[in-house]
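Engineer: entry-v3.txt (compact mmCIF, C-alpha atoms and all ligand atoms) pasted underneath:
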```txt
# COMPACT_ATOMS: atom_id res chain seq x y z
CA MET A 148 0.00 0.00 0.00
CA LYS A 149 1.38 3.39 -0.94
CA GLY A 150 2.01 5.89 1.86
CA TYR A 151 -0.62 8.07 0.24
CA ASP A 152 -3.25 5.33 0.74
CA GLU A 153 -2.20 4.40 4.27
CA PHE A 154 -1.88 7.89 5.76
CA LYS A 155 -4.80 10.32 5.68
CA SER A 156 -3.68 12.46 8.57
CA VAL A 157 -0.41 13.72 10.02
CA ALA A 158 0.74 14.70 13.52
CA ILE A 159 3.50 17.29 13.37
CA GLY A 160 5.87 18.66 15.99
CA CYS A 161 9.13 20.54 16.31
CA ASP A 162 11.49 22.14 18.78
CA HIS A 163 12.50 25.82 18.73
CA ALA A 164 15.20 25.18 16.08
CA ALA A 165 12.70 23.85 13.54
CA PHE A 166 9.55 25.92 13.97
CA GLU A 167 9.78 27.50 10.50
CA LEU A 168 10.39 24.16 8.85
CA LYS A 169 7.41 22.75 10.76
CA GLN A 170 5.25 25.59 9.42
CA ALA A 171 6.33 24.77 5.86
CA ILE A 172 5.58 21.06 6.38
CA LYS A 173 2.17 21.94 7.85
CA GLU A 174 1.33 24.08 4.82
CA TYR A 175 2.45 21.31 2.48
CA PHE A 176 0.09 18.75 4.07
CA THR A 177 -2.80 21.16 4.49
CA LYS A 178 -2.64 21.95 0.75
CA LYS A 179 -2.70 18.23 -0.02
CA GLY A 180 -5.90 17.79 1.98
CA PHE A 181 -4.50 15.83 4.93
CA GLU A 182 -5.99 16.26 8.37
CA VAL A 183 -3.21 17.96 10.37
CA PHE A 184 -2.61 17.81 14.12
CA ASP A 185 -0.02 20.40 15.12
CA ALA A 186 1.56 19.68 18.51
CA VAL A 187 3.30 23.08 18.53
CA PRO A 188 0.93 25.72 17.13
CA VAL A 189 2.70 28.63 18.86
CA PHE A 190 6.42 29.39 18.93
CA MET A 191 8.19 29.30 22.30
CA ASN A 192 11.86 29.27 23.21
CA PRO A 193 12.76 26.66 24.21
CA ILE A 194 10.28 24.08 22.95
CA PRO A 195 11.15 20.84 24.81
CA TYR A 196 11.69 18.21 22.13
CA VAL A 197 10.96 15.20 24.36
CA ASP A 198 7.46 16.51 25.22
CA THR A 199 6.72 17.28 21.59
CA ALA A 200 7.90 13.88 20.42
CA GLY A 201 5.61 12.30 23.05
CA LYS A 202 2.56 14.24 21.86
CA VAL A 203 3.16 13.28 18.24
CA CYS A 204 3.91 9.62 19.00
CA ARG A 205 0.76 9.26 21.09
CA LYS A 206 -1.33 10.63 18.21
CA VAL A 207 0.27 8.15 15.83
CA LEU A 208 -0.37 5.22 18.18
CA GLU A 209 -3.95 6.25 19.01
CA ASN A 210 -5.10 7.11 15.48
CA LYS A 211 -4.63 4.52 12.76
CA GLY A 212 -3.66 6.11 9.47
CA THR A 213 -1.71 8.95 11.08
CA LEU A 214 1.89 9.59 10.07
CA GLY A 215 4.12 11.37 12.60
CA ILE A 216 6.47 14.11 11.48
CA LEU A 217 9.09 15.62 13.77
CA ALA A 218 11.76 18.23 13.21
CA CYS A 219 14.57 19.66 15.33
CA GLY A 220 17.95 21.16 14.47
CA THR A 221 19.56 17.92 13.36
CA GLY A 222 16.70 15.40 13.59
CA ILE A 223 18.79 13.40 16.07
CA GLY A 224 17.12 14.47 19.33
CA MET A 225 13.62 13.94 17.92
CA SER A 226 14.43 10.52 16.52
CA ILE A 227 15.95 9.36 19.81
CA ALA A 228 12.94 10.65 21.75
CA ALA A 229 10.40 9.13 19.34
CA ASN A 230 12.10 5.74 19.25
CA ARG A 231 11.77 5.42 23.03
CA HIS A 232 8.04 4.89 22.40
CA LYS A 233 7.01 1.28 21.90
CA GLU A 234 5.68 0.57 18.39
CA ILE A 235 7.15 3.77 17.01
CA SER A 236 9.70 3.43 14.23
CA ALA A 237 11.10 6.89 13.62
CA ALA A 238 13.48 7.43 10.70
CA ILE A 239 15.53 10.50 9.78
CA LEU A 240 15.14 10.98 6.03
CA TYR A 241 18.64 12.31 5.51
CA ASP A 242 18.68 11.67 1.76
CA ASP A 243 16.32 10.54 -1.02
CA PHE A 244 17.42 6.91 -0.86
CA THR A 245 16.69 6.80 2.87
CA ALA A 246 13.29 8.39 2.24
CA GLU A 247 12.42 5.52 -0.11
CA PHE A 248 13.70 2.66 2.00
CA SER A 249 12.41 3.93 5.32
CA ARG A 250 9.02 3.22 3.74
CA ARG A 251 9.75 0.13 1.64
CA HIS A 252 11.71 -1.83 4.25
CA THR A 253 11.59 -0.13 7.65
CA ASN A 254 7.90 0.79 7.53
CA ALA A 255 8.55 3.94 9.55
CA ASN A 256 5.48 5.50 11.16
CA VAL A 257 7.32 8.69 12.14
CA ILE A 258 9.60 10.60 9.79
CA VAL A 259 12.13 13.10 11.09
CA PHE A 260 13.92 16.09 9.60
CA GLY A 261 16.71 18.50 10.58
CA ALA A 262 16.06 22.20 10.02
CA ARG A 263 19.78 22.99 10.28
CA THR A 264 20.90 20.13 8.08
CA MET A 265 18.29 20.07 5.28
CA LYS A 266 16.74 22.55 2.87
CA ASN A 267 12.94 22.88 2.84
CA GLU A 268 12.80 21.69 -0.78
CA ASP A 269 14.73 18.53 0.14
CA VAL A 270 12.32 17.86 3.00
CA GLU A 271 9.29 18.21 0.71
CA ARG A 272 10.79 15.95 -1.95
CA ARG A 273 11.63 13.28 0.65
CA ILE A 274 8.11 13.40 2.06
CA GLU A 275 6.85 12.90 -1.50
CA ILE A 276 9.19 9.94 -2.02
CA PHE A 277 8.15 8.39 1.30
CA LEU A 278 4.42 8.69 0.52
CA SER A 279 4.79 7.41 -3.04
CA ASN A 280 6.37 4.15 -1.94
CA GLU A 281 4.88 0.97 -0.52
CA PHE A 282 5.94 -1.09 2.47
CA GLU A 283 7.01 -4.44 1.00
CA GLY A 284 5.92 -6.57 3.97
CA GLY A 285 6.99 -10.25 3.78
CA LYS A 286 10.53 -10.79 5.05
CA TYR A 287 10.73 -7.13 6.07
CA ALA A 288 7.59 -7.42 8.21
CA GLU A 289 9.05 -10.56 9.76
CA ARG A 290 12.35 -8.83 10.60
CA ASN A 291 10.62 -5.73 11.94
CA ARG A 292 8.33 -7.85 14.11
CA LEU A 293 11.28 -8.60 16.40
CA LEU A 294 11.25 -4.95 17.46
CA ASP A 295 8.14 -5.72 19.48
CA GLU A 296 9.59 -8.75 21.25
CA PRO A 297 9.75 -8.08 24.99
CA ASP A 298 13.30 -9.42 25.47
CA ILE A 299 15.30 -7.51 22.89
C1 LIG A 301 18.44 22.82 19.57
O1 LIG A 301 19.32 23.80 19.76
C2 LIG A 301 19.11 21.57 19.02
O2 LIG A 301 19.97 21.03 19.94
C3 LIG A 301 18.08 20.56 18.61
O3 LIG A 301 17.19 21.17 17.72
C4 LIG A 301 18.51 19.31 17.90
O4 LIG A 301 19.50 19.53 16.98
C5 LIG A 301 18.70 18.10 18.67
O5 LIG A 301 18.87 17.05 18.09
```
In structure tokens, what does this structure look like?
Structural biologist:
Amino acid sequence: MKGYDEFKSVAIGCDHAAFELKQAIKEYFTKKGFEVFDAVPVFMNPIPYVDTAGKVCRKVLENKGTLGILACGTGIGMSIAANRHKEISAAILYDDFTAEFSRRHTNANVIVFGARTMKNEDVERRIEIFLSNEFEGGKYAERNRLLDEPDI
């Protein structure tokens, strides 16, 4: 199933370093007709990234068909925070190849960007790549299933 068919809504969040990028991502999805939950509607300084990641991850886990999108300066803090949540697979889309395979093989349900390491146009193109691809399931689903084993 293409990302476009699986995800009808997005939950978006950022820290203080990525507020402008978050606004651009929000506009992009609003124009495309997605339902958008914005965890950080108003700028503050600082915006605690762990809290924001929690809000976005909870939305993703509670609402089937919701893709999580997080941004901070590098994408590192947000991906670490998001991946602490069980059943969240957060991937930094640091290039176009990663954008494709984080969907096809990893089946990420949260995608992460760095406002200080990526241009807005690269972020938009990688979102497009992610949504245009399908999770391949099969052996990849089997491998990913181990992530939910209690003893790993
Ligand atoms: C904020 O200054 C910065 O540390 C943060 O946005 C991010 O890069 C963490 O990964």
Engineer: How would you report the residues lying within 12 Å of ligand LIG 301 (chain A), as number ranges by chain, if you count all atoms listed in the file?
Structural biologist: A: 160-166, 168, 192-197, 199-200, 217-229, 239, 259-265
Engineer: Could you please determine the separation between CA of Asn256 in chain A and CA of Ile235 in chain A in Å, to one decimal place?
Structural biologist: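 If I compute the distance from CA of Asn256 in chain A to CA of Ile235 in chain A, I get 6.3 Å.
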Engineer: Which of these residues is nearest to Gly284 in chain A, using only C-alpha atoms: A:Lys233, A:His252, A:Arg272, A:Lys266?
Structural biologist: A:His252
Engineer: Identify the residues around (4.1, 3.0, 5.5) within a radius of 6 Å, measuring from all atoms listed in the file in the coordinates stated by the file, and give them as a PyMOL selection string.
Structural biologist: chain A and resi 150+250+254+282
Engineer: CA of Thr177 in chain A to CA of Val189 in chain A: how many Å, to one decimal?
Structural biologist: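 Those two atoms sit 17.1 Å apart.
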Engineer: Using only C-alpha atoms, which residues sit within 9 Å of Glu271 in chain A once same-chain residues fewer than 6 positions away are excluded, as a PyMOL selection string?
Structural biologist: chain A and resi 171-172+175
Engineer: Go ahead and save the picked residues with C-alpha atoms, as an mmCIF file, keeping the file's coordinate frame.
Structural biologist:
```
data_model
loop_
_atom_site.group_PDB
_atom_site.id
_atom_site.type_symbol
_atom_site.label_atom_id
_atom_site.label_comp_id
_atom_site.auth_asym_id
_atom_site.auth_seq_id
_atom_site.Cartn_x
_atom_site.Cartn_y
_atom_site.Cartn_z
ATOM 1 C CA ALA A 171 6.330 24.770 5.860
ATOM 2 C CA ILE A 172 5.580 21.060 6.380
ATOM 3 C CA TYR A 175 2.450 21.310 2.480
#
```
Engineer: Which is closer to Glu182 in chain A than all the others in A:Thr253, A:Ser156, A:Thr213, A:Asn230, using all atoms listed in the file?
Structural biologist: A:Ser156
Engineer: Between A:Phe277, A:Phe190, A:Phe184, A:Phe176, which one has atoms that come closest to Ala238 in chain A, using all atoms listed in the file?
Structural biologist: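 Among the listed residues, A:Phe277 lies closest to Ala238 in chain A.
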Engineer: Could you check which of A:Arg251, A:Gly285, A:Val257, A:Gly201 is closest to Ala237 in chain A, using only C-alpha atoms?
Structural biologist: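 Closest to Ala237 in chain A of all the choices is A:Val257.
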Engineer: Go through A:Asp198, A:Glu234, A:Asp185, A:Glu153 one by one, measure the shortest atom-to-atom distance of each to Glu281 in chain A using all atoms listed in the file, and give the residue with the smallest value.
Structural biologist: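 Comparing A:Asp198, A:Glu234, A:Asp185, A:Glu153 against Glu281 in chain A, the winner is A:Glu153.
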Engineer: Please reconstruct the missing atoms of range 182-208 of chain A (target: N, CA, C and O atoms) and return them as a PDB file, keeping the file's coordinate frame.
Structural biologist:
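Done, and the output landed in result_28.pdb:
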```
ATOM      1  N   GLU A 182      -5.603  15.716   7.065  1.00  0.00           N
ATOM      2  CA  GLU A 182      -5.990  16.260   8.370  1.00  0.00           C
ATOM      3  C   GLU A 182      -4.675  16.467   9.138  1.00  0.00           C
ATOM      4  O   GLU A 182      -3.832  15.558   9.182  1.00  0.00           O
ATOM      5  N   VAL A 183      -4.493  17.652   9.722  1.00  0.00           N
ATOM      6  CA  VAL A 183      -3.210  17.960  10.370  1.00  0.00           C
ATOM      7  C   VAL A 183      -3.401  18.244  11.852  1.00  0.00           C
ATOM      8  O   VAL A 183      -4.176  19.130  12.233  1.00  0.00           O
ATOM      9  N   PHE A 184      -2.684  17.483  12.698  1.00  0.00           N
ATOM     10  CA  PHE A 184      -2.610  17.810  14.120  1.00  0.00           C
ATOM     11  C   PHE A 184      -1.256  18.459  14.361  1.00  0.00           C
ATOM     12  O   PHE A 184      -0.213  17.859  14.083  1.00  0.00           O
ATOM     13  N   ASP A 185      -1.263  19.671  14.868  1.00  0.00           N
ATOM     14  CA  ASP A 185      -0.020  20.400  15.120  1.00  0.00           C
ATOM     15  C   ASP A 185       0.224  20.444  16.631  1.00  0.00           C
ATOM     16  O   ASP A 185      -0.518  21.103  17.372  1.00  0.00           O
ATOM     17  N   ALA A 186       1.262  19.747  17.077  1.00  0.00           N
ATOM     18  CA  ALA A 186       1.560  19.680  18.510  1.00  0.00           C
ATOM     19  C   ALA A 186       2.176  20.979  19.030  1.00  0.00           C
ATOM     20  O   ALA A 186       2.233  21.198  20.240  1.00  0.00           O
ATOM     21  N   VAL A 187       2.637  21.832  18.119  1.00  0.00           N
ATOM     22  CA  VAL A 187       3.300  23.080  18.530  1.00  0.00           C
ATOM     23  C   VAL A 187       2.753  24.253  17.702  1.00  0.00           C
ATOM     24  O   VAL A 187       3.427  24.795  16.832  1.00  0.00           O
ATOM     25  N   PRO A 188       1.507  24.660  17.970  1.00  0.00           N
ATOM     26  CA  PRO A 188       0.930  25.720  17.130  1.00  0.00           C
ATOM     27  C   PRO A 188       1.555  27.092  17.356  1.00  0.00           C
ATOM     28  O   PRO A 188       1.492  27.942  16.482  1.00  0.00           O
ATOM     29  N   VAL A 189       2.160  27.299  18.527  1.00  0.00           N
ATOM     30  CA  VAL A 189       2.700  28.630  18.860  1.00  0.00           C
ATOM     31  C   VAL A 189       4.186  28.509  19.190  1.00  0.00           C
ATOM     32  O   VAL A 189       4.596  27.593  19.920  1.00  0.00           O
ATOM     33  N   PHE A 190       4.980  29.430  18.666  1.00  0.00           N
ATOM     34  CA  PHE A 190       6.420  29.390  18.930  1.00  0.00           C
ATOM     35  C   PHE A 190       6.734  29.730  20.384  1.00  0.00           C
ATOM     36  O   PHE A 190       6.152  30.650  20.962  1.00  0.00           O
ATOM     37  N   MET A 191       7.653  28.995  20.963  1.00  0.00           N
ATOM     38  CA  MET A 191       8.190  29.300  22.300  1.00  0.00           C
ATOM     39  C   MET A 191       9.692  29.043  22.223  1.00  0.00           C
ATOM     40  O   MET A 191      10.162  28.374  21.313  1.00  0.00           O
ATOM     41  N   ASN A 192      10.438  29.548  23.186  1.00  0.00           N
ATOM     42  CA  ASN A 192      11.860  29.270  23.210  1.00  0.00           C
ATOM     43  C   ASN A 192      12.312  29.058  24.655  1.00  0.00           C
ATOM     44  O   ASN A 192      12.307  30.010  25.426  1.00  0.00           O
ATOM     45  N   PRO A 193      12.656  27.853  25.052  1.00  0.00           N
ATOM     46  CA  PRO A 193      12.760  26.660  24.210  1.00  0.00           C
ATOM     47  C   PRO A 193      11.430  25.919  24.067  1.00  0.00           C
ATOM     48  O   PRO A 193      10.519  26.123  24.870  1.00  0.00           O
ATOM     49  N   ILE A 194      11.366  25.061  23.070  1.00  0.00           N
ATOM     50  CA  ILE A 194      10.280  24.080  22.950  1.00  0.00           C
ATOM     51  C   ILE A 194      10.916  22.728  23.293  1.00  0.00           C
ATOM     52  O   ILE A 194      11.830  22.283  22.599  1.00  0.00           O
ATOM     53  N   PRO A 195      10.489  22.086  24.392  1.00  0.00           N
ATOM     54  CA  PRO A 195      11.150  20.840  24.810  1.00  0.00           C
ATOM     55  C   PRO A 195      10.845  19.680  23.842  1.00  0.00           C
ATOM     56  O   PRO A 195       9.689  19.293  23.677  1.00  0.00           O
ATOM     57  N   TYR A 196      11.896  19.187  23.206  1.00  0.00           N
ATOM     58  CA  TYR A 196      11.690  18.210  22.130  1.00  0.00           C
ATOM     59  C   TYR A 196      11.113  16.884  22.630  1.00  0.00           C
ATOM     60  O   TYR A 196      10.356  16.225  21.914  1.00  0.00           O
ATOM     61  N   VAL A 197      11.445  16.502  23.861  1.00  0.00           N
ATOM     62  CA  VAL A 197      10.960  15.200  24.360  1.00  0.00           C
ATOM     63  C   VAL A 197       9.434  15.236  24.530  1.00  0.00           C
ATOM     64  O   VAL A 197       8.730  14.287  24.163  1.00  0.00           O
ATOM     65  N   ASP A 198       8.922  16.350  25.062  1.00  0.00           N
ATOM     66  CA  ASP A 198       7.460  16.510  25.220  1.00  0.00           C
ATOM     67  C   ASP A 198       6.760  16.472  23.868  1.00  0.00           C
ATOM     68  O   ASP A 198       5.732  15.815  23.688  1.00  0.00           O
ATOM     69  N   THR A 199       7.334  17.217  22.922  1.00  0.00           N
ATOM     70  CA  THR A 199       6.720  17.280  21.590  1.00  0.00           C
ATOM     71  C   THR A 199       6.708  15.909  20.923  1.00  0.00           C
ATOM     72  O   THR A 199       5.701  15.501  20.342  1.00  0.00           O
ATOM     73  N   ALA A 200       7.831  15.216  21.015  1.00  0.00           N
ATOM     74  CA  ALA A 200       7.900  13.880  20.420  1.00  0.00           C
ATOM     75  C   ALA A 200       6.828  12.979  21.043  1.00  0.00           C
ATOM     76  O   ALA A 200       6.155  12.210  20.347  1.00  0.00           O
ATOM     77  N   GLY A 201       6.630  13.106  22.357  1.00  0.00           N
ATOM     78  CA  GLY A 201       5.610  12.300  23.050  1.00  0.00           C
ATOM     79  C   GLY A 201       4.213  12.592  22.529  1.00  0.00           C
ATOM     80  O   GLY A 201       3.430  11.676  22.286  1.00  0.00           O
ATOM     81  N   LYS A 202       3.901  13.874  22.357  1.00  0.00           N
ATOM     82  CA  LYS A 202       2.560  14.240  21.860  1.00  0.00           C
ATOM     83  C   LYS A 202       2.314  13.659  20.472  1.00  0.00           C
ATOM     84  O   LYS A 202       1.242  13.129  20.176  1.00  0.00           O
ATOM     85  N   VAL A 203       3.318  13.770  19.620  1.00  0.00           N
ATOM     86  CA  VAL A 203       3.160  13.280  18.240  1.00  0.00           C
ATOM     87  C   VAL A 203       3.079  11.743  18.225  1.00  0.00           C
ATOM     88  O   VAL A 203       2.213  11.165  17.556  1.00  0.00           O
ATOM     89  N   CYS A 204       3.928  11.093  18.988  1.00  0.00           N
ATOM     90  CA  CYS A 204       3.910   9.620  19.000  1.00  0.00           C
ATOM     91  C   CYS A 204       2.589   9.084  19.533  1.00  0.00           C
ATOM     92  O   CYS A 204       2.046   8.105  19.019  1.00  0.00           O
ATOM     93  N   ARG A 205       2.049   9.719  20.550  1.00  0.00           N
ATOM     94  CA  ARG A 205       0.760   9.260  21.090  1.00  0.00           C
ATOM     95  C   ARG A 205      -0.346   9.398  20.045  1.00  0.00           C
ATOM     96  O   ARG A 205      -1.192   8.524  19.906  1.00  0.00           O
ATOM     97  N   LYS A 206      -0.327  10.471  19.291  1.00  0.00           N
ATOM     98  CA  LYS A 206      -1.330  10.630  18.210  1.00  0.00           C
ATOM     99  C   LYS A 206      -1.207   9.511  17.180  1.00  0.00           C
ATOM    100  O   LYS A 206      -2.201   8.957  16.715  1.00  0.00           O
ATOM    101  N   VAL A 207       0.040   9.204  16.829  1.00  0.00           N
ATOM    102  CA  VAL A 207       0.270   8.150  15.830  1.00  0.00           C
ATOM    103  C   VAL A 207      -0.248   6.802  16.342  1.00  0.00           C
ATOM    104  O   VAL A 207      -0.903   6.047  15.615  1.00  0.00           O
ATOM    105  N   LEU A 208       0.016   6.521  17.617  1.00  0.00           N
ATOM    106  CA  LEU A 208      -0.370   5.220  18.180  1.00  0.00           C
ATOM    107  C   LEU A 208      -1.878   5.132  18.416  1.00  0.00           C
ATOM    108  O   LEU A 208      -2.464   4.062  18.309  1.00  0.00           O
TER     109      LEU A 208
END
```
